[in-house]
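To be precise, the following lines are work-v5.pdb, and they hold PDB, C-alpha atoms.
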ATOM      1  CA  MET A   1      -2.843  18.503   2.561
ATOM      2  CA  THR A   2      -3.142  17.605  -1.094
ATOM      3  CA  ASP A   3      -3.623  14.015  -2.124
ATOM      4  CA  ALA A   4      -0.050  13.875  -3.491
ATOM      5  CA  ALA A   5       1.277  15.114  -0.133
ATOM      6  CA  ARG A   6      -0.630  12.523   1.884
ATOM      7  CA  LEU A   7       1.408  10.259   4.117
ATOM      8  CA  TYR A   8       0.627   6.553   4.437
ATOM      9  CA  THR A   9       0.953   4.183   7.379
ATOM     10  CA  PRO A  10       2.791   0.902   6.780
ATOM     11  CA  ALA A  11      -0.575  -0.913   6.701
ATOM     12  CA  GLU A  12      -1.888   1.507   4.061
ATOM     13  CA  ALA A  13       1.382   1.221   2.114
ATOM     14  CA  GLY A  14       1.026  -2.557   2.168
ATOM     15  CA  ALA A  15      -2.543  -2.369   0.885
ATOM     16  CA  VAL A  16      -1.491  -0.073  -1.958
ATOM     17  CA  SER A  17       1.729  -1.886  -2.923
ATOM     18  CA  GLY A  18       0.460  -5.432  -2.461
ATOM     19  CA  LEU A  19       3.000  -6.238   0.250
ATOM     20  CA  LYS A  20       2.225  -7.807   3.601
ATOM     21  CA  LEU A  21       2.605  -5.480   6.586
ATOM     22  CA  LYS A  22       5.678  -7.378   7.783
ATOM     23  CA  ALA A  23       7.321  -6.875   4.367
ATOM     24  CA  VAL A  24       6.667  -3.106   4.521
ATOM     25  CA  HIS A  25       8.329  -2.918   7.937
ATOM     26  CA  ASN A  26      11.167  -5.034   6.543
ATOM     27  CA  ALA A  27      11.568  -2.566   3.660
ATOM     28  CA  ILE A  28      11.729   0.285   6.169
ATOM     29  CA  ASP A  29      14.288  -1.569   8.275
ATOM     30  CA  LYS A  30      16.396  -2.277   5.161
ATOM     31  CA  HIS A  31      16.135   1.433   4.176
ATOM     32  CA  ILE A  32      14.435   0.625   0.889
ATOM     33  CA  VAL A  33      12.040   3.356   1.991
ATOM     34  CA  VAL A  34      12.719   5.878   4.736
ATOM     35  CA  PRO A  35       9.752   7.006   6.834
ATOM     36  CA  VAL A  36       8.843  10.648   7.195
ATOM     37  CA  ALA A  37       8.814  12.224  10.658
ATOM     38  CA  LYS A  38       6.616  15.292  11.258
ATOM     39  CA  GLY A  39       6.995  16.691   7.769
ATOM     40  CA  LYS A  40      10.715  15.813   7.453
ATOM     41  CA  THR A  41      12.425  12.709   6.191
ATOM     42  CA  ALA A  42      13.869  10.650   9.017
ATOM     43  CA  VAL A  43      17.593  10.037   9.051
ATOM     44  CA  ALA A  44      18.406   6.608   7.644
ATOM     45  CA  GLY A  45      19.337   4.246  10.452
ATOM     46  CA  ASP A  46      17.529   6.308  13.091
ATOM     47  CA  ALA A  47      16.031   3.289  14.828
ATOM     48  CA  LYS A  48      15.328   5.216  18.030
ATOM     49  CA  ARG A  49      12.906   7.644  16.367
ATOM     50  CA  LYS A  50       9.541   7.488  18.099
ATOM     51  CA  GLY A  51       6.170   7.927  16.458
ATOM     52  CA  PRO A  52       4.472   6.470  13.423
ATOM     53  CA  ARG A  53       6.377   5.276  10.394
ATOM     54  CA  LEU A  54       4.785   7.348   7.619
ATOM     55  CA  LEU A  55       5.530   6.931   3.929
ATOM     56  CA  THR A  56       5.136   9.175   0.882
ATOM     57  CA  ARG A  57       3.575   8.385  -2.504
ATOM     58  CA  GLU A  58       7.105   7.992  -3.914
ATOM     59  CA  ASP A  59       7.775   5.405  -1.200
ATOM     60  CA  LEU A  60       4.684   3.503  -2.372
ATOM     61  CA  LEU A  61       6.184   3.356  -5.869
ATOM     62  CA  ARG A  62       9.506   2.149  -4.451
ATOM     63  CA  LEU A  63       7.693  -0.581  -2.516
ATOM     64  CA  ARG A  64       5.793  -1.670  -5.624
ATOM     65  CA  VAL A  65       8.968  -1.787  -7.711
ATOM     66  CA  TRP A  66      10.790  -3.620  -4.905
ATOM     67  CA  ARG A  67       7.957  -6.144  -4.816
ATOM     68  CA  GLY A  68       8.351  -6.617  -8.569
ATOM     69  CA  VAL A  69      12.129  -6.943  -8.769
ATOM     70  CA  GLY A  70      12.583  -8.515  -5.346
ATOM     71  CA  ASP A  71      16.158  -9.399  -4.601
ATOM     72  CA  THR A  72      17.056  -9.571  -8.299
ATOM     73  CA  LEU A  73      19.150  -6.445  -7.784
ATOM     74  CA  SER A  74      21.754  -5.828  -5.122
ATOM     75  CA  ALA A  75      21.011  -3.011  -2.675
ATOM     76  CA  ASP A  76      23.384  -0.688  -4.548
ATOM     77  CA  ARG A  77      21.878  -1.443  -7.971
ATOM     78  CA  ARG A  78      18.366  -1.146  -6.544
ATOM     79  CA  GLN A  79      19.245   2.271  -5.100
ATOM     80  CA  ARG A  80      20.549   3.383  -8.515
ATOM     81  CA  LEU A  81      17.259   2.185 -10.031
ATOM     82  CA  PHE A  82      15.269   4.263  -7.524
ATOM     83  CA  VAL A  83      17.420   7.323  -8.307
ATOM     84  CA  ALA A  84      16.801   6.787 -12.030
ATOM     85  CA  ILE A  85      13.056   6.480 -11.442
ATOM     86  CA  ALA A  86      13.001   9.683  -9.368
ATOM     87  CA  ALA A  87      15.056  11.503 -12.033
ATOM     88  CA  GLU A  88      12.529  10.572 -14.748
ATOM     89  CA  PRO A  89       9.065  10.868 -13.146
ATOM     90  CA  LYS A  90       7.280  10.473 -16.495
ATOM     91  CA  ALA A  91       9.357   7.576 -17.872
ATOM     92  CA  THR A  92       7.460   4.388 -18.638
ATOM     93  CA  THR A  93      10.556   2.194 -18.522
ATOM     94  CA  VAL A  94      13.812   2.588 -16.649
ATOM     95  CA  LYS A  95      16.975   0.574 -17.215
ATOM     96  CA  ALA A  96      17.934  -1.061 -13.920
ATOM     97  CA  ASP A  97      21.167  -2.526 -15.309
ATOM     98  CA  GLU A  98      22.564  -3.937 -18.532
ATOM     99  CA  LEU A  99      19.986  -6.719 -18.732
ATOM    100  CA  LEU A 100      16.981  -5.557 -16.723
ATOM    101  CA  ILE A 101      14.469  -2.926 -17.807
ATOM    102  CA  VAL A 102      11.722  -2.074 -15.320
ATOM    103  CA  ASP A 103       8.219  -1.161 -16.491
ATOM    104  CA  VAL A 104       7.865   1.705 -14.043
ATOM    105  CA  GLY A 105       4.805   2.989 -15.911
ATOM    106  CA  GLU A 106       2.908  -0.160 -14.953
ATOM    107  CA  ALA A 107       4.176   0.122 -11.375
ATOM    108  CA  ARG A 108       2.871   3.716 -11.248
ATOM    109  CA  ARG A 109      -0.518   2.606 -12.607
ATOM    110  CA  GLN A 110      -0.705  -0.143  -9.985
ATOM    111  CA  VAL A 111       0.134   2.321  -7.209
ATOM    112  CA  GLU A 112      -2.492   4.790  -8.476
ATOM    113  CA  ARG A 113      -5.069   2.001  -8.640
ATOM    114  CA  GLY A 114      -4.113   0.953  -5.110
ATOM    115  CA  VAL A 115      -4.424   4.531  -3.829
ATOM    116  CA  ARG A 116      -7.870   4.861  -5.428
ATOM    117  CA  ASP A 117      -8.952   1.574  -3.835
ATOM    118  CA  LEU A 118      -7.634   2.732  -0.460
ATOM    119  CA  GLN A 119      -9.580   5.996  -0.756
ATOM    120  CA  ALA A 120     -12.720   4.110  -1.760
ATOM    121  CA  ALA A 121     -12.278   1.706   1.168
ATOM    122  CA  GLU A 122     -11.838   4.615   3.570
ATOM    123  CA  ALA A 123     -15.056   6.132   2.219
ATOM    124  CA  ILE A 124     -17.175   3.018   2.846
ATOM    125  CA  VAL A 125     -15.801   2.065   6.258
ATOM    126  CA  VAL A 126     -17.203   3.744   9.364
ATOM    127  CA  LYS A 127     -16.481   3.438  13.067
ATOM    128  CA  ASP A 128     -19.143   4.442  15.562
ATOM    129  CA  LYS A 129     -19.124   3.443  19.227
ATOM    130  CA  ARG A 130     -22.890   2.842  18.970
ATOM    131  CA  THR A 131     -22.423   0.255  16.210
ATOM    132  CA  LEU A 132     -20.754  -2.972  17.313
ATOM    133  CA  GLY A 133     -18.794  -1.104  19.973
ATOM    134  CA  GLY A 134     -16.866   0.945  17.428
ATOM    135  CA  GLU A 135     -15.659  -1.944  15.298
ATOM    136  CA  PRO A 136     -15.170  -0.814  11.662
ATOM    137  CA  VAL A 137     -18.226  -1.693   9.593
ATOM    138  CA  LEU A 138     -19.309  -1.130   6.015
ATOM    139  CA  LYS A 139     -21.264   2.109   5.745
ATOM    140  CA  GLY A 140     -25.010   1.628   6.064
ATOM    141  CA  THR A 141     -24.628  -1.870   7.523
ATOM    142  CA  ARG A 142     -23.607  -3.630  10.705
ATOM    143  CA  ILE A 143     -21.275  -5.885   8.741
ATOM    144  CA  PRO A 144     -17.763  -5.876  10.254
ATOM    145  CA  VAL A 145     -15.055  -5.152   7.687
ATOM    146  CA  TYR A 146     -12.472  -7.365   9.384
ATOM    147  CA  GLY A 147     -14.957 -10.234   9.401
ATOM    148  CA  ILE A 148     -15.481 -10.013   5.644
ATOM    149  CA  ALA A 149     -11.734  -9.727   5.012
ATOM    150  CA  ALA A 150     -11.076 -12.735   7.256
ATOM    151  CA  MET A 151     -13.716 -14.822   5.465
ATOM    152  CA  VAL A 152     -12.200 -13.955   2.067
ATOM    153  CA  ASP A 153      -8.721 -14.832   3.369
ATOM    154  CA  ALA A 154     -10.099 -18.116   4.706
ATOM    155  CA  GLY A 155     -11.369 -19.024   1.239
ATOM    156  CA  ALA A 156     -15.003 -17.900   1.242
ATOM    157  CA  SER A 157     -16.185 -17.219  -2.292
ATOM    158  CA  GLU A 158     -17.772 -13.986  -3.371
ATOM    159  CA  GLU A 159     -21.007 -15.882  -4.080
ATOM    160  CA  GLU A 160     -21.102 -17.271  -0.539
ATOM    161  CA  LEU A 161     -20.567 -13.820   0.973
ATOM    162  CA  LEU A 162     -23.212 -12.209  -1.240
ATOM    163  CA  ALA A 163     -25.687 -14.969  -0.322
ATOM    164  CA  GLY A 164     -24.930 -14.613   3.391
ATOM    165  CA  TYR A 165     -24.904 -10.798   3.378
ATOM    166  CA  PRO A 166     -27.404  -9.526   0.783
ATOM    167  CA  MET A 167     -26.509  -5.884   1.573
ATOM    168  CA  LEU A 168     -22.956  -6.449   0.299
ATOM    169  CA  THR A 169     -21.817  -5.661  -3.213
ATOM    170  CA  GLU A 170     -18.904  -7.186  -5.092
ATOM    171  CA  ARG A 171     -17.018  -3.893  -4.726
ATOM    172  CA  MET A 172     -17.604  -3.828  -0.949
ATOM    173  CA  ILE A 173     -16.085  -7.295  -0.663
ATOM    174  CA  GLU A 174     -13.097  -6.210  -2.753
ATOM    175  CA  LEU A 175     -12.595  -3.051  -0.655
ATOM    176  CA  ALA A 176     -13.004  -4.866   2.672
ATOM    177  CA  ARG A 177      -9.702  -6.590   1.976
ATOM    178  CA  VAL A 178      -7.999  -3.210   1.573
TER     179      VAL A 178
END

For this file, produce the structure as structure tokens.
Amino acid sequence: MTDAARLYTPAEAGAVSGLKLKAVHNAIDKHIVVPVAKGKTAVAGDAKRKGPRLLTREDLLRLRVWRGVGDTLSADRRQRLFVAIAAEPKATTVKADELLIVDVGEARRQVERGVRDLQAAEAIVVKDKRTLGGEPVLKGTRIPVYGIAAMVDAGASEEELLAGYPMLTERMIELARV
């Protein structure tokens, strides 16, 4: 599977788009994005579909744009915006309506940056039953990723984390949150 064809879980989509996991599920429930089922797009409104909710790279862009415009646009106008974005994959700006122009080029750059960060995070996180019972840790350490992310969320500064865990780097701290 090529990188462009990769499918993303809601948690991964949230990390890339900057949305909380609950907001990604909300976007799926509101049909802002429609999950893919076993290589095919699920039918909108198919709430009984079992299995993971997987999203495409285009869905990540929709989520990022949705995060940016929020509820500024009605569902119908937002859908027209998404159609316009899909119709012009290289456009840097797309007119959402008479008064709103969306910088879709910046949204694409943010999604690409988020995807790169996700890939980098996946590369430095390992799970091994022999290390902390299989809890995800930063490669080459016994430092739990969730612990670092929780400390950052609780307000720990980068300096405090680097002092407490000399094996960490600034980039590791940044990626632990992903």

Could you tell me which residues the PyMOL selection byres ((chain A and resi 151) around 12) returns for this structure, as a ChimeraX atom specification? /A:144-150,152-158,160-162,164,173-174,176-177

If the PyMOL selection byres ((chain A and resi 101) around 12) were run on this exact file, what residues would it hold? Put them as a PyMOL selection string. chain A and resi 65+68-69+72-73+81+84-85+91-100+102-105

Grab the CA of Arg130 in chain A to CA of Ala11 in chain A distance for me, in Å with one decimal place. 25.7 Å

Which residues, named as in the file, does the PyMOL selection byres ((chain A and resi 111-128) around 9) pick out? Answer as JSON, numbers by chain. {"A": [12, 13, 15, 16, 17, 18, 57, 60, 61, 64, 106, 107, 108, 109, 110, 129, 130, 131, 132, 133, 134, 135, 136, 137, 138, 139, 140, 145, 172, 174, 175, 176, 177, 178]}

Hey, can you spit out that residue selection with C-alpha atoms as an mmCIF file, in the coordinates of the input?
data_model
loop_
_atom_site.group_PDB
_atom_site.id
_atom_site.type_symbol
_atom_site.label_atom_id
_atom_site.label_comp_id
_atom_site.auth_asym_id
_atom_site.auth_seq_id
_atom_site.Cartn_x
_atom_site.Cartn_y
_atom_site.Cartn_z
ATOM 1 C CA GLU A 12 -1.888 1.507 4.061
ATOM 2 C CA ALA A 13 1.382 1.221 2.114
ATOM 3 C CA ALA A 15 -2.543 -2.369 0.885
ATOM 4 C CA VAL A 16 -1.491 -0.073 -1.958
ATOM 5 C CA SER A 17 1.729 -1.886 -2.923
ATOM 6 C CA GLY A 18 0.460 -5.432 -2.461
ATOM 7 C CA ARG A 57 3.575 8.385 -2.504
ATOM 8 C CA LEU A 60 4.684 3.503 -2.372
ATOM 9 C CA LEU A 61 6.184 3.356 -5.869
ATOM 10 C CA ARG A 64 5.793 -1.670 -5.624
ATOM 11 C CA GLU A 106 2.908 -0.160 -14.953
ATOM 12 C CA ALA A 107 4.176 0.122 -11.375
ATOM 13 C CA ARG A 108 2.871 3.716 -11.248
ATOM 14 C CA ARG A 109 -0.518 2.606 -12.607
ATOM 15 C CA GLN A 110 -0.705 -0.143 -9.985
ATOM 16 C CA LYS A 129 -19.124 3.443 19.227
ATOM 17 C CA ARG A 130 -22.890 2.842 18.970
ATOM 18 C CA THR A 131 -22.423 0.255 16.210
ATOM 19 C CA LEU A 132 -20.754 -2.972 17.313
ATOM 20 C CA GLY A 133 -18.794 -1.104 19.973
ATOM 21 C CA GLY A 134 -16.866 0.945 17.428
ATOM 22 C CA GLU A 135 -15.659 -1.944 15.298
ATOM 23 C CA PRO A 136 -15.170 -0.814 11.662
ATOM 24 C CA VAL A 137 -18.226 -1.693 9.593
ATOM 25 C CA LEU A 138 -19.309 -1.130 6.015
ATOM 26 C CA LYS A 139 -21.264 2.109 5.745
ATOM 27 C CA GLY A 140 -25.010 1.628 6.064
ATOM 28 C CA VAL A 145 -15.055 -5.152 7.687
ATOM 29 C CA MET A 172 -17.604 -3.828 -0.949
ATOM 30 C CA GLU A 174 -13.097 -6.210 -2.753
ATOM 31 C CA LEU A 175 -12.595 -3.051 -0.655
ATOM 32 C CA ALA A 176 -13.004 -4.866 2.672
ATOM 33 C CA ARG A 177 -9.702 -6.590 1.976
ATOM 34 C CA VAL A 178 -7.999 -3.210 1.573
#
